[in-house]
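Engineer: Here you go, one structure.
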Amino acid sequence: MNEPENTLAHPAGPGAEADPQDNRRQVLYWRLLARLFDPEEQAALESASLAVVEDIGLPPALLDPGASVDSVVQRHPELAAEFDGLMVPEPDADTDGDDTRDRPAEVRRAALVSKVLLNVFSTGTGAVSAGQLARWQSDAGWLERALGCTPGDLRGGRPGGGRGVSPTGSGGNGMTPDLSRLIPQFGPELGALEGDLVKRMHLREVLADPALAARLTPSMSLIEQLLRDKNNLSGVALANAKALIRRFVDEVAEILRTQVEKATVGAIDRSVPPKRVFRNLDLDRTIWKNLTNYSPEEERLYVDRLYYRHTARKTTPQRLVVVVDQSGSMVDSMVNCTILASIFAGLPKVDVHLIAYDTQALDLTPWVHDPFETLLRTNLGGGTDGTVAMALAQPKIAEPRNTVVVWISDFYEWRGEPLYESMAALHRSGVKFIPVGSVTSSGRGSVNPWFRERFKDLGTPVLSGHIRKLVHELKTFLT
């Protein structure tokens, strides 16, 4: 780290004229790299960066590692709009015409980008307090906003939509890195960082203190830890843990319910006579059909028949059997699918059954309408033996052609071949069999290649990715 001054003096190579704005931008990014990879402060970079920040009219607090983005924005509210969408490529950005770039604006953007990246990716070591976790979650939310997403989207667990940023979009804000194209990689990394912070936090002590517990923001990483540790909690700590789980479940359920409502409107069923009430009266059609009864002398229309709109939707009674791998690698899917199953269970004429398994299987159908109670009965971790779940699922299939079986797992099984044969038999019997490798917000998931190839040959390829894909698949069959 003793070479930056020479490098910065000639950024375009020997003999080239250095652009002072490019030099400033490089100073800020050199400082970012130094802070991320070297715990020792580099005095020359710090002083140079401070001079740059002050010269462009930004607050020195941007360079304070101890200051959260929230605190900077509270003191300087005008910066909030600049952080929002900071790393989203501009649609009309000119990546070739360097001379058209606003270099002073690039320096300003580099300072803001450095702040949010450093706060999120420099997490230190040692124990973590509830306040530190809350601050990191807030900073991670600013990073997600900078990438054009809703806070919580990339870390998983809240399957809300972003703001239309294309992960592979080209362009960018001049020389500022187009980090939006890295969104698929950011999500899992943010989730891993948050999970590490949660593990480093003395969670039981925090939960035992209502004031500290109130500072926690529920996230997938935190919910996973709470579900793993719930049997070791009691009293106030258990009550606070349950409150956090319920809060998270309610937030995710609200988002998923909206997605299901948008996706599950069936076609108009013309075989059902329209309900003859005033709100269904089709006035335009009634007038049109009775025009022959119009009396010019009396200037009056005589109506022989009223016409009503059809409002009934086509619905077919269906049975949905959801089988979820509750081993440690499938926590996100377990939470999302438990909530999704409860939403479909609330639809008319849909009979939903829920089974969770590791090396043992548990029929959670009696609690399927309440995802909170369902999750409290899960036991995360352990091995994976899908044959025990199949033994519970098969008796539930009374009418194969009227049944959907959704099997969510990474399919790393102890007894792979017997399980696959029983799944293939279900498919041949007429069951709509949907193997799912991941139903998460980030879409991250590893699927056993052996199973993946065989499902593909069977004509039932593994569905992986965002939970919206599963909602769409189920909508197609259930409506």
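Chain lettering (A, B, ...) mirrors the order of the structure tokens, residue numbering begins at 1 for each chain separately, and ligand numbering begins at 1 in order of display.
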Find the residues near Ile355 in chain A: any atom within 8 Å, counting only C-alpha atoms, skip ones fewer than 4 places away on the same chain, and give them as a PDB file with N, CA and C atoms, in the first residue's frame.

Structural biologist:
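Just written: out23.pdb:
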```
ATOM      1  N   VAL A 321     -50.098 -31.488  -2.255  1.00  0.00           N
ATOM      2  CA  VAL A 321     -49.246 -32.111  -1.225  1.00  0.00           C
ATOM      3  C   VAL A 321     -47.865 -31.478  -1.339  1.00  0.00           C
ATOM      4  N   VAL A 322     -47.465 -30.752  -0.308  1.00  0.00           N
ATOM      5  CA  VAL A 322     -46.165 -30.084  -0.289  1.00  0.00           C
ATOM      6  C   VAL A 322     -45.242 -30.861   0.644  1.00  0.00           C
ATOM      7  N   VAL A 323     -44.109 -31.315   0.097  1.00  0.00           N
ATOM      8  CA  VAL A 323     -43.113 -32.055   0.878  1.00  0.00           C
ATOM      9  C   VAL A 323     -41.852 -31.203   0.932  1.00  0.00           C
ATOM     10  N   VAL A 324     -41.403 -30.859   2.134  1.00  0.00           N
ATOM     11  CA  VAL A 324     -40.288 -29.937   2.292  1.00  0.00           C
ATOM     12  C   VAL A 324     -39.158 -30.583   3.073  1.00  0.00           C
ATOM     13  N   ALA A 361     -39.990 -38.135   9.107  1.00  0.00           N
ATOM     14  CA  ALA A 361     -41.009 -37.307   8.458  1.00  0.00           C
ATOM     15  C   ALA A 361     -42.064 -36.890   9.466  1.00  0.00           C
ATOM     16  N   LEU A 362     -42.593 -35.683   9.255  1.00  0.00           N
ATOM     17  CA  LEU A 362     -43.590 -35.127  10.163  1.00  0.00           C
ATOM     18  C   LEU A 362     -44.741 -34.573   9.335  1.00  0.00           C
ATOM     19  N   ASP A 363     -45.951 -35.030   9.620  1.00  0.00           N
ATOM     20  CA  ASP A 363     -47.138 -34.534   8.927  1.00  0.00           C
ATOM     21  C   ASP A 363     -47.617 -33.269   9.631  1.00  0.00           C
ATOM     22  N   LEU A 364     -47.450 -32.136   8.971  1.00  0.00           N
ATOM     23  CA  LEU A 364     -47.802 -30.837   9.549  1.00  0.00           C
ATOM     24  C   LEU A 364     -49.149 -30.326   9.051  1.00  0.00           C
ATOM     25  N   THR A 365     -49.918 -31.184   8.392  1.00  0.00           N
ATOM     26  CA  THR A 365     -51.194 -30.769   7.813  1.00  0.00           C
ATOM     27  C   THR A 365     -52.154 -30.143   8.827  1.00  0.00           C
ATOM     28  N   ALA A 389     -40.553 -39.542   3.887  1.00  0.00           N
ATOM     29  CA  ALA A 389     -41.582 -38.565   3.513  1.00  0.00           C
ATOM     30  C   ALA A 389     -42.517 -39.152   2.461  1.00  0.00           C
ATOM     31  N   LEU A 392     -45.320 -41.110   3.848  1.00  0.00           N
ATOM     32  CA  LEU A 392     -46.447 -40.314   4.335  1.00  0.00           C
ATOM     33  C   LEU A 392     -47.252 -39.702   3.190  1.00  0.00           C
ATOM     34  N   ALA A 393     -46.565 -39.381   2.099  1.00  0.00           N
ATOM     35  CA  ALA A 393     -47.234 -38.687   0.997  1.00  0.00           C
ATOM     36  C   ALA A 393     -48.116 -39.607   0.161  1.00  0.00           C
TER      37      ALA A 393
END
```

Engineer: Just the residues within 12 Å of Arg454 in chain A, please, counting only C-alpha atoms, with nothing from its chain fewer than 3 positions along; format it as number ranges by chain.

Structural biologist: A: 411, 416-417, 419-421, 423-424, 435, 447-451, 457-462

Engineer: Excluding range 395-408 of chain A and its own-chain neighbours fewer than 3 positions away, which residues fall within 8 Å of it when counting only C-alpha atoms? Please give them as a ChimeraX atom specification.

Structural biologist: /A:317-325,333,391-392,426,429-439,477

Engineer: Looking only at the backbone, which of the residues in range 277-467 of chain A does DSSP tag as strand (DSSP E or B), as a ChimeraX atom specification?

Structural biologist: /A:281,294-295,300-301,308,313,318-325,350-357,361-363,403-408,432-440,463-466

Engineer: Which neighbours of Val249 in chain A fall inside 12 Å, counting only C-alpha atoms, when residues of the same chain fewer than 4 positions from it are skipped, and could you give them as an MDAnalysis selection string?

Structural biologist: chainID A and resid 157:159 218:220 223 242:245 253:257 332 334:340 342:343 370:376

Engineer: What lies within 8 Å of range 130-139 of chain A using only C-alpha atoms, ignoring chain neighbours under 5 positions off, as number ranges by chain?

Structural biologist: A: 68-70, 116, 119-120, 194, 197-198, 201, 206, 212-213, 215-217

Engineer: Give me, as a list in words, the residues of range 301-385 of chain A that a backbone DSSP run labels alpha helix (DSSP H).

Structural biologist: Val331, Asp332, Ser333, Met334, Val335, Asn336, Cys337, Thr338, Ile339, Leu340, Ala341, Ser342, Ile343, Phe344, Ala345, Pro371, Phe372, Glu373, Thr374, Leu375 and Leu376 of chain A

Engineer: Record the distance separating CA of Gln21 in chain A and CA of Leu117 in chain A, expressed in Å with one decimal.

Structural biologist: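 Going from CA of Gln21 in chain A over to CA of Leu117 in chain A, I get 20.9 Å.
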
Engineer: Need the shell around Pro151 in chain A: protein/DNA/RNA residues with any atom at most 9 Å away, counting only C-alpha atoms. Skip same-chain ones fewer than 6 positions apart. Format as a compact mmCIF listing (two decimals) with N, CA and C atoms, in the first residue's frame?

Structural biologist:
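As written to disk, around.txt reads:
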```
# COMPACT_ATOMS: atom_id res chain seq x y z
N GLN A 137 -27.74 -4.24 9.32
CA GLN A 137 -28.93 -4.49 8.53
C GLN A 137 -29.41 -3.23 7.83
N SER A 138 -29.33 -2.10 8.55
CA SER A 138 -29.72 -0.83 7.96
C SER A 138 -28.79 -0.46 6.79
N ALA A 140 -26.99 -2.53 5.01
CA ALA A 140 -27.25 -3.47 3.92
C ALA A 140 -28.50 -3.05 3.14
N GLY A 141 -29.47 -2.51 3.86
CA GLY A 141 -30.67 -2.00 3.18
C GLY A 141 -30.34 -0.84 2.25
N TRP A 142 -29.42 0.03 2.66
CA TRP A 142 -28.99 1.13 1.79
C TRP A 142 -28.26 0.59 0.56
N LEU A 143 -27.46 -0.47 0.73
CA LEU A 143 -26.79 -1.07 -0.42
C LEU A 143 -27.82 -1.64 -1.40
N GLU A 144 -28.83 -2.32 -0.85
CA GLU A 144 -29.88 -2.88 -1.71
C GLU A 144 -30.63 -1.77 -2.45
N ARG A 145 -30.88 -0.66 -1.77
CA ARG A 145 -31.52 0.48 -2.42
C ARG A 145 -30.61 1.06 -3.50
N ARG A 158 -37.48 -12.10 2.04
CA ARG A 158 -38.57 -11.20 1.72
C ARG A 158 -38.68 -11.15 0.20
N GLY A 162 -37.81 -6.03 -6.92
CA GLY A 162 -36.94 -4.87 -6.98
C GLY A 162 -37.57 -3.83 -7.89
```

Engineer: Report the distance between CA of Gln326 in chain A and CA of Leu222 in chain A in Å, rounded to one decimal place.

Structural biologist: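 Computed distance, CA of Gln326 in chain A to CA of Leu222 in chain A, equals 16.5 Å.
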
Engineer: What lies within 10 Å of Asn293 in chain A using only C-alpha atoms, ignoring chain neighbours under 3 positions off, as a list of chain:residue names?

Structural biologist: A:Ile287, A:Lys289, A:Asn290, A:Pro296, A:Arg300, A:Leu301, A:Tyr302, A:Val303, A:Asp304

Engineer: Just the number, please: distance in Å from CA of Ala237 in chain A to CA of Leu207 in chain A, one decimal.

Structural biologist: 4.5 Å

Engineer: Smallest atom-to-atom distance to Val52 in chain A: which of A:Ser422, A:Thr286, A:Ser221, A:Asn23, using only C-alpha atoms?

Structural biologist: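 Ranking A:Ser422, A:Thr286, A:Ser221, A:Asn23 by distance to Val52 in chain A, first place goes to A:Asn23.
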